[in-house]
$ cat run_8.txt   # compact mmCIF, C-alpha atoms
# COMPACT_ATOMS: atom_id res chain seq x y z
CA MET A 1 5.40 -16.21 -9.04
CA ALA A 2 1.92 -17.18 -10.14
CA THR A 3 -1.23 -16.78 -8.07
CA SER A 4 -3.21 -19.45 -6.28
CA THR A 5 -6.37 -19.83 -4.25
CA ALA A 6 -4.29 -21.16 -1.35
CA ALA A 7 -4.80 -19.34 1.92
CA ALA A 8 -5.22 -20.30 5.58
CA PRO A 9 -6.42 -23.85 6.23
CA ALA A 10 -10.17 -23.96 5.52
CA ASP A 11 -10.96 -25.93 8.66
CA TRP A 12 -9.27 -23.47 11.01
CA ASP A 13 -11.77 -21.41 13.01
CA PRO A 14 -10.00 -18.59 14.88
CA SER A 15 -13.02 -18.08 17.15
CA SER A 16 -12.71 -21.60 18.53
CA SER A 17 -8.93 -21.68 18.99
CA SER A 18 -6.94 -20.74 22.03
CA ASP A 19 -3.93 -18.46 21.69
CA GLU A 20 -1.65 -21.46 22.09
CA GLU A 21 -3.37 -23.36 19.26
CA SER A 22 -3.93 -20.49 16.85
CA PRO A 23 -1.58 -20.36 13.84
CA LEU A 24 -1.61 -16.59 14.33
CA SER A 25 -0.17 -16.79 17.82
CA SER A 26 3.40 -15.65 18.37
CA SER A 27 6.25 -17.64 19.85
CA LEU A 28 9.12 -16.66 22.08
CA THR A 29 11.70 -17.17 19.35
CA PHE A 30 12.28 -16.07 15.77
CA ASP A 31 11.06 -19.03 13.70
CA LYS A 32 13.48 -18.91 10.80
CA GLU A 33 12.46 -22.17 9.14
CA ARG A 34 8.79 -21.17 8.99
CA HIS A 35 9.76 -17.81 7.50
CA VAL A 36 11.84 -19.53 4.84
CA ALA A 37 8.91 -21.85 4.05
CA PHE A 38 6.56 -18.84 3.87
CA LEU A 39 8.76 -17.04 1.33
CA GLU A 40 9.45 -20.22 -0.62
CA MET A 41 5.69 -20.69 -0.98
CA MET A 42 5.37 -17.10 -2.21
CA TYR A 43 8.18 -17.70 -4.70
CA HIS A 44 6.34 -20.62 -6.28
CA MET A 45 2.71 -19.49 -5.95
CA LEU A 46 1.28 -16.21 -4.69
CA PRO A 47 -2.08 -16.49 -2.87
CA TYR A 48 -5.01 -15.08 -4.82
CA HIS A 49 -5.22 -12.08 -2.50
CA TYR A 50 -2.26 -10.62 -4.40
CA GLN A 51 -4.06 -10.60 -7.76
CA SER A 52 -4.94 -6.92 -7.29
CA GLN A 53 -1.23 -6.23 -6.84
CA GLU A 54 -0.19 -7.66 -10.20
CA ILE A 55 0.98 -4.23 -11.33
CA ASN A 56 3.53 -4.39 -8.49
CA HIS A 57 4.83 -7.86 -9.33
CA LEU A 58 8.48 -6.73 -9.28
CA THR A 59 8.04 -5.23 -5.83
CA LEU A 60 6.53 -8.45 -4.49
CA ALA A 61 9.42 -10.37 -6.02
CA TYR A 62 11.87 -8.02 -4.29
CA PHE A 63 10.30 -8.85 -0.92
CA VAL A 64 10.60 -12.57 -1.62
CA ILE A 65 14.12 -12.70 -3.09
CA SER A 66 15.74 -10.21 -0.75
CA GLY A 67 13.84 -11.73 2.17
CA LEU A 68 15.31 -15.15 1.43
CA ASP A 69 18.74 -13.54 1.22
CA ILE A 70 18.31 -11.99 4.66
CA LEU A 71 17.30 -15.42 5.97
CA GLY A 72 20.40 -16.97 4.40
CA SER A 73 18.29 -19.16 2.11
CA LEU A 74 18.81 -17.73 -1.36
CA ASP A 75 19.68 -21.23 -2.54
CA ARG A 76 15.94 -21.97 -2.58
CA VAL A 77 15.51 -20.01 -5.84
CA ASP A 78 16.80 -20.37 -9.40
CA LYS A 79 18.96 -17.26 -9.57
CA ASP A 80 19.44 -17.39 -13.34
CA ALA A 81 15.71 -17.72 -13.93
CA VAL A 82 15.01 -14.81 -11.56
CA ALA A 83 17.55 -12.60 -13.34
CA ALA A 84 16.15 -13.50 -16.77
CA TRP A 85 12.61 -12.65 -15.66
CA VAL A 86 13.67 -9.30 -14.20
CA LEU A 87 15.67 -8.38 -17.31
CA SER A 88 12.66 -9.15 -19.52
CA LEU A 89 10.82 -6.25 -17.86
CA GLN A 90 13.27 -3.52 -18.89
CA SER A 91 12.05 -0.93 -21.39
CA ASN A 92 14.14 0.05 -24.38
CA PRO A 93 13.58 2.80 -26.95
CA GLY A 94 12.69 1.91 -30.51
CA ASP A 95 15.52 4.07 -31.88
CA LYS A 96 18.01 6.75 -30.79
CA ALA A 97 15.54 9.51 -31.56
CA GLU A 98 13.35 8.29 -28.74
CA LEU A 99 16.10 8.98 -26.23
CA ASN A 100 15.11 12.65 -26.44
CA SER A 101 11.39 11.99 -26.06
CA GLY A 102 11.33 12.76 -22.33
CA GLN A 103 10.58 9.17 -21.38
CA PHE A 104 12.22 7.09 -18.65
CA TYR A 105 13.69 3.76 -19.73
CA GLY A 106 13.84 1.68 -16.59
CA PHE A 107 11.83 -1.38 -15.58
CA ASN A 108 8.11 -2.10 -15.78
CA GLY A 109 6.43 -3.36 -12.63
CA SER A 110 4.80 -6.35 -14.31
CA ARG A 111 3.69 -7.87 -17.59
CA SER A 112 0.42 -5.93 -17.49
CA SER A 113 2.34 -2.64 -17.51
CA GLN A 114 4.67 -3.80 -20.28
CA PHE A 115 3.04 -2.99 -23.60
CA SER A 116 4.12 -4.62 -26.84
CA SER A 117 5.80 -2.74 -29.67
CA ASP A 118 4.13 -1.77 -32.91
CA ASN A 119 5.16 -3.14 -36.30
CA ASP A 120 8.15 -0.79 -36.40
CA GLY A 121 9.44 -2.00 -33.03
CA ILE A 122 8.57 1.23 -31.23
CA LEU A 123 6.99 1.07 -27.80
CA ILE A 124 3.28 1.90 -27.90
CA HIS A 125 3.39 2.81 -24.23
CA ASN A 126 6.28 2.93 -21.78
CA HIS A 127 5.31 2.62 -18.11
CA SER A 128 8.78 2.28 -16.61
CA HIS A 129 8.60 3.29 -12.97
CA LEU A 130 11.27 4.44 -10.51
CA ALA A 131 10.08 2.10 -7.74
CA SER A 132 9.99 -0.88 -10.11
CA THR A 133 13.48 0.00 -11.34
CA TYR A 134 14.81 0.19 -7.78
CA CYS A 135 13.29 -3.24 -7.05
CA ALA A 136 14.64 -4.70 -10.29
CA LEU A 137 18.20 -3.58 -9.63
CA SER A 138 17.98 -4.72 -6.01
CA ILE A 139 16.87 -8.19 -7.11
CA LEU A 140 19.60 -8.40 -9.74
CA LYS A 141 22.26 -7.47 -7.21
CA THR A 142 20.82 -9.97 -4.73
CA VAL A 143 21.02 -12.89 -7.17
CA GLY A 144 24.57 -11.87 -8.15
CA TYR A 145 23.88 -10.49 -11.60
CA ASN A 146 26.55 -8.09 -12.86
CA LEU A 147 24.81 -4.75 -13.47
CA SER A 148 27.46 -3.81 -16.03
CA ASN A 149 25.69 -6.27 -18.35
CA ILE A 150 22.51 -4.20 -18.53
CA HIS A 151 22.02 -1.02 -20.53
CA SER A 152 22.69 1.12 -17.45
CA GLU A 153 23.56 4.24 -19.45
CA LEU A 154 20.02 4.24 -20.81
CA ILE A 155 18.62 4.30 -17.27
CA SER A 156 21.05 6.99 -16.13
CA MET A 157 20.46 9.17 -19.17
CA SER A 158 16.67 8.98 -19.00
CA ILE A 159 16.25 9.29 -15.23
CA ARG A 160 16.99 13.00 -15.57
CA ASN A 161 13.70 13.31 -17.46
CA LEU A 162 11.93 12.63 -14.15
CA GLN A 163 13.68 15.26 -12.04
CA GLN A 164 11.64 18.40 -11.48
CA PRO A 165 12.91 22.00 -11.18
CA ASP A 166 12.58 21.86 -7.37
CA GLY A 167 14.84 18.77 -7.19
CA SER A 168 12.06 16.21 -6.62
CA PHE A 169 11.31 13.27 -8.92
CA LEU A 170 8.27 11.99 -10.75
CA PRO A 171 8.02 8.19 -10.50
CA ILE A 172 6.95 7.84 -14.15
CA HIS A 173 7.25 10.15 -17.14
CA ILE A 174 3.49 10.38 -17.79
CA GLY A 175 3.07 12.27 -14.51
CA ALA A 176 2.23 11.49 -10.88
CA GLU A 177 2.88 12.79 -7.39
CA THR A 178 6.39 13.81 -6.36
CA ASP A 179 7.64 13.06 -2.86
CA LEU A 180 10.60 11.65 -0.92
CA ARG A 181 9.82 8.04 -1.90
CA PHE A 182 10.88 8.69 -5.47
CA ILE A 183 13.91 10.74 -4.50
CA TYR A 184 15.04 7.68 -2.55
CA CYS A 185 14.41 5.36 -5.49
CA ALA A 186 16.35 7.67 -7.81
CA ALA A 187 19.27 7.97 -5.36
CA ALA A 188 19.41 4.20 -4.82
CA ILE A 189 19.32 3.57 -8.59
CA CYS A 190 22.15 6.03 -9.24
CA PHE A 191 24.17 4.56 -6.38
CA MET A 192 23.76 0.97 -7.57
CA LEU A 193 24.64 1.93 -11.15
CA GLU A 194 27.56 4.07 -9.90
CA ASP A 195 26.40 6.87 -12.18
CA TRP A 196 25.00 10.16 -10.88
CA SER A 197 24.78 11.89 -14.24
CA GLY A 198 20.98 11.67 -14.21
CA MET A 199 20.53 13.55 -10.93
CA ASP A 200 21.25 17.10 -9.84
CA ARG A 201 22.23 16.21 -6.29
CA GLU A 202 22.39 19.78 -5.04
CA LYS A 203 18.81 20.46 -6.08
CA THR A 204 17.71 17.20 -4.51
CA LYS A 205 19.52 18.02 -1.28
CA GLU A 206 17.70 21.35 -1.05
CA TYR A 207 14.34 19.66 -1.59
CA ILE A 208 15.06 17.17 1.17
CA PHE A 209 16.10 19.99 3.51
CA LYS A 210 12.72 21.65 2.95
CA CYS A 211 10.97 18.43 4.01
CA GLN A 212 12.39 18.45 7.56
CA SER A 213 9.60 19.45 9.93
CA TYR A 214 9.74 21.58 13.07
CA ASP A 215 9.82 18.40 15.20
CA GLY A 216 12.89 16.93 13.52
CA GLY A 217 11.32 14.26 11.32
CA PHE A 218 10.72 14.50 7.59
CA GLY A 219 7.40 14.78 5.80
CA MET A 220 6.91 13.27 2.35
CA ILE A 221 6.73 16.77 0.85
CA PRO A 222 7.69 20.20 2.22
CA GLY A 223 5.32 21.37 4.95
CA SER A 224 3.76 17.96 5.60
CA GLU A 225 3.64 15.96 8.83
CA SER A 226 6.76 14.01 9.82
CA HIS A 227 6.50 10.36 8.83
CA GLY A 228 8.68 7.32 9.51
CA GLY A 229 8.87 6.24 5.89
CA GLY A 230 9.58 9.76 4.65
CA THR A 231 12.28 10.18 7.29
CA PHE A 232 14.02 7.01 6.11
CA CYS A 233 13.81 8.13 2.48
CA ALA A 234 15.33 11.50 3.38
CA VAL A 235 18.19 10.24 5.53
CA ALA A 236 19.05 7.22 3.36
CA SER A 237 19.05 9.42 0.23
CA LEU A 238 21.38 11.94 1.85
CA ARG A 239 23.69 9.11 2.90
CA LEU A 240 23.69 7.55 -0.58
CA MET A 241 24.37 10.96 -2.16
CA GLY A 242 27.29 11.53 0.21
CA PHE A 243 25.85 14.51 2.08
CA ILE A 244 25.91 12.91 5.53
CA GLU A 245 28.46 10.52 6.95
CA ASP A 246 27.71 7.13 8.37
CA ASP A 247 27.44 7.13 12.19
CA VAL A 248 27.23 10.92 12.12
CA LEU A 249 26.51 11.10 15.86
CA SER A 250 30.06 10.00 16.63
CA LYS A 251 31.60 12.76 14.54
CA SER A 252 32.69 16.02 16.13
CA GLU A 253 31.00 18.06 13.40
CA GLY A 254 27.51 17.10 12.29
CA SER A 255 25.55 18.00 9.19
CA SER A 256 25.10 21.73 8.73
CA PHE A 257 21.88 21.63 6.73
CA ILE A 258 19.63 19.22 8.68
CA ASP A 259 19.01 19.22 12.41
CA ILE A 260 20.55 15.92 13.54
CA PRO A 261 19.85 16.21 17.31
CA LEU A 262 16.18 17.03 16.71
CA LEU A 263 15.93 14.20 14.17
CA LEU A 264 17.42 11.76 16.69
CA GLU A 265 14.95 12.87 19.35
CA TRP A 266 12.00 12.44 16.97
CA CYS A 267 13.12 8.92 16.03
CA LEU A 268 13.60 7.83 19.64
CA GLN A 269 10.17 9.16 20.56
CA ARG A 270 8.62 6.79 18.01
CA GLN A 271 9.26 3.74 20.20
CA ALA A 272 5.95 3.16 21.95
CA ALA A 273 5.11 1.69 25.35
CA ASP A 274 4.56 -1.76 23.80
CA GLY A 275 8.12 -1.74 22.46
CA GLY A 276 7.20 -1.33 18.81
CA PHE A 277 7.71 1.69 16.59
CA GLN A 278 5.00 3.98 15.26
CA GLY A 279 5.26 5.92 12.01
CA ARG A 280 3.78 9.11 13.45
CA PRO A 281 2.77 10.38 16.90
CA ASN A 282 -0.47 8.94 18.31
CA LYS A 283 -0.43 5.99 15.90
CA PRO A 284 -0.24 2.30 16.90
CA SER A 285 3.00 0.37 16.63
CA ASP A 286 3.45 -1.30 13.26
CA THR A 287 5.99 -3.95 12.23
CA CYS A 288 7.38 -2.05 9.25
CA TYR A 289 8.46 0.99 11.26
CA ALA A 290 10.90 -1.15 13.19
CA PHE A 291 12.87 -0.94 9.94
CA TRP A 292 12.00 2.54 8.70
CA ILE A 293 12.91 4.16 12.03
CA GLY A 294 15.49 1.56 13.04
CA ALA A 295 17.39 2.03 9.79
CA VAL A 296 17.55 5.80 10.31
CA LEU A 297 18.97 5.24 13.77
CA ARG A 298 21.50 2.78 12.35
CA ILE A 299 22.66 5.34 9.76
CA LEU A 300 22.92 8.06 12.41
CA GLY A 301 24.72 5.76 14.85
CA GLY A 302 21.92 5.77 17.43
CA SER A 303 20.79 2.12 17.33
CA LYS A 304 21.98 1.38 20.84
CA LEU A 305 19.67 4.06 22.24
CA ILE A 306 16.51 2.02 21.64
CA ASP A 307 15.10 -0.73 23.83
CA GLY A 308 15.97 -3.70 21.64
CA THR A 309 14.51 -6.26 24.04
CA ALA A 310 11.12 -4.54 24.05
CA LEU A 311 11.17 -4.15 20.28
CA ARG A 312 11.95 -7.83 19.80
CA ARG A 313 9.09 -8.75 22.14
CA PHE A 314 6.66 -6.62 20.13
CA LEU A 315 7.80 -8.05 16.80
CA LEU A 316 7.30 -11.60 18.04
CA THR A 317 3.64 -10.78 18.74
CA CYS A 318 3.35 -10.03 15.00
CA GLN A 319 5.08 -13.26 13.96
CA SER A 320 2.64 -15.69 12.37
CA GLY A 321 2.49 -19.41 12.94
CA TYR A 322 2.33 -19.71 9.15
CA GLY A 323 5.62 -17.84 8.83
CA GLY A 324 5.87 -14.16 7.98
CA PHE A 325 4.82 -11.09 9.93
CA SER A 326 1.64 -9.06 10.14
CA LYS A 327 1.20 -5.31 10.46
CA PHE A 328 -0.29 -5.59 13.97
CA PRO A 329 -0.26 -8.42 16.53
CA ASN A 330 -2.38 -11.51 15.88
CA GLU A 331 -3.29 -10.75 12.28
CA LEU A 332 -2.56 -12.67 9.07
CA PRO A 333 0.90 -12.08 7.58
CA ASP A 334 1.57 -10.25 4.33
CA LEU A 335 4.69 -9.94 2.18
CA TYR A 336 5.31 -6.26 2.87
CA HIS A 337 5.29 -6.53 6.66
CA SER A 338 7.04 -9.89 6.56
CA TYR A 339 9.96 -8.39 4.67
CA TYR A 340 10.32 -5.48 7.05
CA GLY A 341 9.97 -7.86 9.97
CA TYR A 342 13.00 -9.75 8.65
CA THR A 343 14.95 -6.53 8.14
CA ALA A 344 14.06 -5.45 11.68
CA PHE A 345 15.37 -8.70 13.13
CA SER A 346 18.52 -8.32 11.05
CA LEU A 347 19.01 -4.86 12.58
CA LEU A 348 18.55 -6.51 15.99
CA GLU A 349 21.36 -8.90 14.99
CA GLU A 350 19.28 -12.05 15.19
CA PRO A 351 21.62 -15.09 14.89
CA GLY A 352 21.50 -16.76 11.48
CA LEU A 353 20.37 -13.66 9.57
CA ASN A 354 22.53 -11.76 7.11
CA ALA A 355 23.41 -8.16 7.94
CA LEU A 356 21.83 -5.30 6.01
CA CYS A 357 23.09 -2.46 3.93
CA VAL A 358 20.35 -0.30 5.42
CA GLU A 359 20.70 2.53 2.91
CA LEU A 360 19.84 0.21 0.01
CA GLY A 361 17.40 -2.06 1.85
CA ILE A 362 19.25 -5.24 0.82
CA THR A 363 21.87 -7.39 2.50
CA GLY A 364 25.46 -6.24 2.75
CA PHE A 365 26.48 -9.24 0.63
CA ALA A 366 24.12 -8.16 -2.16
CA ALA A 367 25.24 -4.53 -1.94
CA LEU A 368 28.88 -5.58 -2.30
CA GLY A 369 28.12 -8.07 -5.06
CA ILE A 370 29.34 -11.04 -3.03

$ encode --input "run_8.txt" --output "structure tokens"
Amino acid sequence: MATSTAAAPADWDPSSSSDEESPLSSSLTFDKERHVAFLEMMYHMLPYHYQSQEINHLTLAYFVISGLDILGSLDRVDKDAVAAWVLSLQSNPGDKAELNSGQFYGFNGSRSSQFSSDNDGILIHNHSHLASTYCALSILKTVGYNLSNIHSELISMSIRNLQQPDGSFLPIHIGAETDLRFIYCAAAICFMLEDWSGMDREKTKEYIFKCQSYDGGFGMIPGSESHGGGTFCAVASLRLMGFIEDDVLSKSEGSSFIDIPLLLEWCLQRQAADGGFQGRPNKPSDTCYAFWIGAVLRILGGSKLIDGTALRRFLLTCQSGYGGFSKFPNELPDLYHSYYGYTAFSLLEEPGLNALCVELGITGFAALGI
């Protein structure tokens, strides 16, 4: 996935185009073939706008590879080459003594964050990151790589170095913010590796409980405003850790430590008048929250309570004529919002798309290793 100066056609002038002619204009149908072409282009050559995101190369690759899997077009990539590239980004200690150094040995986000070893083979710097490790494992599962072939014990053993006394997780051992995003990454990693030895789940559960706000949603940290992304991270983590059941709304006894009815109400209130979902009250609808909120509702068993027709109509206004999705209607597409546009349409059961394992953010086929 190199970078290129390719962008929108140079001779296209949006100010002189009608809505019908504009490549940014939406259509009445989900244009699968254009979306496949969009991701295939990104697989071969990233536009130069992504140069500033080089540090997040693994994350961008996750959007491309998993996106193609959702679209049923994973045959467009060289799976062995993808797996080899991902595996080349894993960090390893120089010797056994380093295992007790407090570092995390997961995956680096890119070549620029992967420092070479010194003459003794010891890492000069190790910038393994929880989010990069989540993306790496997700990609490997998506291309069918057997995770038992990687040094998973090293990841599981060292991930405990990132857990804090309050149950939260640092994303990287050199220090950074702690919030629900990295709890989710840690939970997803442990779930995919089938090894929870690196996480104190009870402590993590208590931290998540403290993040539920008075209105039912979850803030990124205790006491903060409820947020769609934070709410997904909380609920998906609890599901992965086994603390809440799937389709909990249909069960006679709900969770005793989070307020499910209030959470459901908060999620349903996020569907705006235009049919889209907002991440917080008084914010505009945004493509990605169709997944972040929609996935929470799917886990809870409340998907049928939304207006799917209105949501689909909103998402189509964000569908680009180039393929991909934008954050807001009639803007240029980007990889992040494109991926969550595809996941949203999968949740809406669009024909021809593969179903999701919403807790992991990948297809059900990938989650099961099929």

$ residues_near_point --input "run_8.txt" --point "(19.9, -15.0, -14.3)" --cutoff "12 Å" --atoms "only C-alpha atoms" --output "MDAnalysis selection string"
chainID A and resid 77:88 139:147 149:150

$ write_last_selection --input "run_8.txt" --atoms "C-alpha atoms" --output "compact mmCIF listing (two decimals), keeping the file's coordinate frame"
# COMPACT_ATOMS: atom_id res chain seq x y z
CA VAL A 77 15.51 -20.01 -5.84
CA ASP A 78 16.80 -20.37 -9.40
CA LYS A 79 18.96 -17.26 -9.57
CA ASP A 80 19.44 -17.39 -13.34
CA ALA A 81 15.71 -17.72 -13.93
CA VAL A 82 15.01 -14.81 -11.56
CA ALA A 83 17.55 -12.60 -13.34
CA ALA A 84 16.15 -13.50 -16.77
CA TRP A 85 12.61 -12.65 -15.66
CA VAL A 86 13.67 -9.30 -14.20
CA LEU A 87 15.67 -8.38 -17.31
CA SER A 88 12.66 -9.15 -19.52
CA ILE A 139 16.87 -8.19 -7.11
CA LEU A 140 19.60 -8.40 -9.74
CA LYS A 141 22.26 -7.47 -7.21
CA THR A 142 20.82 -9.97 -4.73
CA VAL A 143 21.02 -12.89 -7.17
CA GLY A 144 24.57 -11.87 -8.15
CA TYR A 145 23.88 -10.49 -11.60
CA ASN A 146 26.55 -8.09 -12.86
CA LEU A 147 24.81 -4.75 -13.47
CA ASN A 149 25.69 -6.27 -18.35
CA ILE A 150 22.51 -4.20 -18.53

$ residues_around --input "run_8.txt" --residues "Phe314 in chain A" --least-positions-apart "3" --cutoff "6 Å" --atoms "all atoms listed in the file" --output "PyMOL selection string"
chain A and resi 275-276+311+317

$ atom_distance --input "run_8.txt" --atom1 "CA of Ala295 in chain A" --atom2 "CA of Tyr43 in chain A"
26.2 Å

$ residues_near_point --input "run_8.txt" --point "(23.9, 12.3, 18.0)" --cutoff "7 Å" --atoms "only C-alpha atoms" --output "ChimeraX atom specification"
/A:248-250,260-261,264,302

$ closest_residue --input "run_8.txt" --among "A:Ser197, A:Cys135, A:Gly364, A:Leu240" --to "Tyr184 in chain A" --atoms "all atoms listed in the file"
A:Leu240

$ closest_residue --input "run_8.txt" --among "A:Pro165, A:Gly341, A:Gly352, A:Gly228" --to "Ser320 in chain A" --atoms "only C-alpha atoms"
A:Gly341

$ atom_distance --input "run_8.txt" --atom1 "CA of Pro171 in chain A" --atom2 "CA of Phe277 in chain A"
27.9 Å

$ residues_around --input "run_8.txt" --residues "Lys32 in chain A" --least-positions-apart "4" --cutoff "9 Å" --atoms "all atoms listed in the file" --output "list of chain:residue names"
A:Val36, A:Ala37, A:Leu71, A:Gly323, A:Gly352, A:Leu353

$ residues_around --input "run_8.txt" --residues "Val358 in chain A" --least-positions-apart "3" --cutoff "8 Å" --atoms "all atoms listed in the file" --output "NGL selection string"
:A and (236 or 295 or 298-299 or 361-363)

$ closest_residue --input "run_8.txt" --among "A:Leu368, A:Ile172, A:Tyr336, A:Phe345" --to "Leu39 in chain A" --atoms "all atoms listed in the file"
A:Tyr336

$ closest_residue --input "run_8.txt" --among "A:Leu60, A:Ala188, A:Leu162, A:Met241" --to "Gln103 in chain A" --atoms "all atoms listed in the file"
A:Leu162

$ closest_residue --input "run_8.txt" --among "A:Ser326, A:Ser213, A:Asn100, A:Gln53" --to "Ile159 in chain A" --atoms "only C-alpha atoms"
A:Asn100

$ closest_residue --input "run_8.txt" --among "A:Asp274, A:Arg280, A:Ser112, A:Ala367" --to "Leu315 in chain A" --atoms "only C-alpha atoms"
A:Asp274

$ atom_distance --input "run_8.txt" --atom1 "CA of Ile189 in chain A" --atom2 "CA of Tyr134 in chain A"
5.7 Å

$ residues_around --input "run_8.txt" --residues "Thr231 in chain A" --least-positions-apart "2" --cutoff "7 Å" --atoms "all atoms listed in the file" --output "PDB file with C-alpha atoms, in the frame of the given file"
ATOM      1  CA  GLY A 217      11.320  14.260  11.320  1.00  0.00           C
ATOM      2  CA  PHE A 218      10.720  14.500   7.590  1.00  0.00           C
ATOM      3  CA  GLY A 219       7.400  14.780   5.800  1.00  0.00           C
ATOM      4  CA  HIS A 227       6.500  10.360   8.830  1.00  0.00           C
ATOM      5  CA  GLY A 228       8.680   7.320   9.510  1.00  0.00           C
ATOM      6  CA  GLY A 229       8.870   6.240   5.890  1.00  0.00           C
ATOM      7  CA  CYS A 233      13.810   8.130   2.480  1.00  0.00           C
ATOM      8  CA  ALA A 234      15.330  11.500   3.380  1.00  0.00           C
ATOM      9  CA  VAL A 235      18.190  10.240   5.530  1.00  0.00           C
TER      10      VAL A 235
END

$ residues_around --input "run_8.txt" --residues "Ala176 in chain A" --least-positions-apart "5" --cutoff "12 Å" --atoms "all atoms listed in the file" --output "JSON, numbers by chain"
{"A": [127, 129, 130, 162, 164, 168, 169, 170, 171, 182]}

$ axis_aligned_box --input "run_8.txt" --around "range 42-45 of chain A" --padding-each-side "8 Å" --output "AutoDock Vina command-line options"
--center_x 5.4 --center_y -18.9 --center_z -4.2 --size_x 21.5 --size_y 19.5 --size_z 20.1

$ decode --input "run_8.txt" --residues "range 153-165 of chain A" --atoms "N, CA, C and O atoms" --output "short mmCIF file (atom, residue, chain, number, x, y, z; two decimals), in the first residue's frame"
data_model
loop_
_atom_site.label_atom_id
_atom_site.label_comp_id
_atom_site.auth_asym_id
_atom_site.auth_seq_id
_atom_site.Cartn_x
_atom_site.Cartn_y
_atom_site.Cartn_z
N GLU A 153 1.79 -16.19 22.89
CA GLU A 153 2.05 -16.13 24.33
C GLU A 153 2.81 -14.86 24.69
O GLU A 153 2.61 -14.29 25.77
N LEU A 154 3.66 -14.40 23.78
CA LEU A 154 4.42 -13.18 24.02
C LEU A 154 3.49 -11.99 24.13
O LEU A 154 3.65 -11.12 25.01
N ILE A 155 2.49 -11.93 23.25
CA ILE A 155 1.51 -10.85 23.31
C ILE A 155 0.71 -10.94 24.59
O ILE A 155 0.52 -9.95 25.31
N SER A 156 0.21 -12.13 24.92
CA SER A 156 -0.62 -12.31 26.11
C SER A 156 0.15 -12.01 27.39
O SER A 156 -0.39 -11.39 28.32
N MET A 157 1.40 -12.43 27.44
CA MET A 157 2.21 -12.19 28.64
C MET A 157 2.51 -10.72 28.83
O MET A 157 2.48 -10.20 29.96
N SER A 158 2.79 -10.02 27.73
CA SER A 158 3.23 -8.62 27.85
C SER A 158 2.08 -7.63 27.89
O SER A 158 2.28 -6.48 28.30
N ILE A 159 0.88 -8.04 27.49
CA ILE A 159 -0.24 -7.10 27.49
C ILE A 159 -0.60 -6.68 28.91
O ILE A 159 -1.11 -5.58 29.14
N ARG A 160 -0.27 -7.54 29.87
CA ARG A 160 -0.55 -7.18 31.28
C ARG A 160 0.28 -6.00 31.74
O ARG A 160 -0.07 -5.32 32.71
N ASN A 161 1.39 -5.73 31.04
CA ASN A 161 2.21 -4.57 31.39
C ASN A 161 1.50 -3.25 31.11
O ASN A 161 1.92 -2.20 31.59
N LEU A 162 0.45 -3.31 30.29
CA LEU A 162 -0.29 -2.10 29.93
C LEU A 162 -1.49 -1.84 30.82
O LEU A 162 -2.04 -0.73 30.81
N GLN A 163 -1.93 -2.84 31.58
CA GLN A 163 -3.11 -2.64 32.42
C GLN A 163 -2.75 -1.85 33.67
O GLN A 163 -1.75 -2.12 34.34
N GLN A 164 -3.58 -0.86 33.96
CA GLN A 164 -3.36 0.04 35.09
C GLN A 164 -4.11 -0.45 36.33
O GLN A 164 -5.01 -1.28 36.24
N PRO A 165 -3.76 0.06 37.51
CA PRO A 165 -4.42 -0.39 38.75
C PRO A 165 -5.94 -0.23 38.74
O PRO A 165 -6.65 -0.99 39.41
#
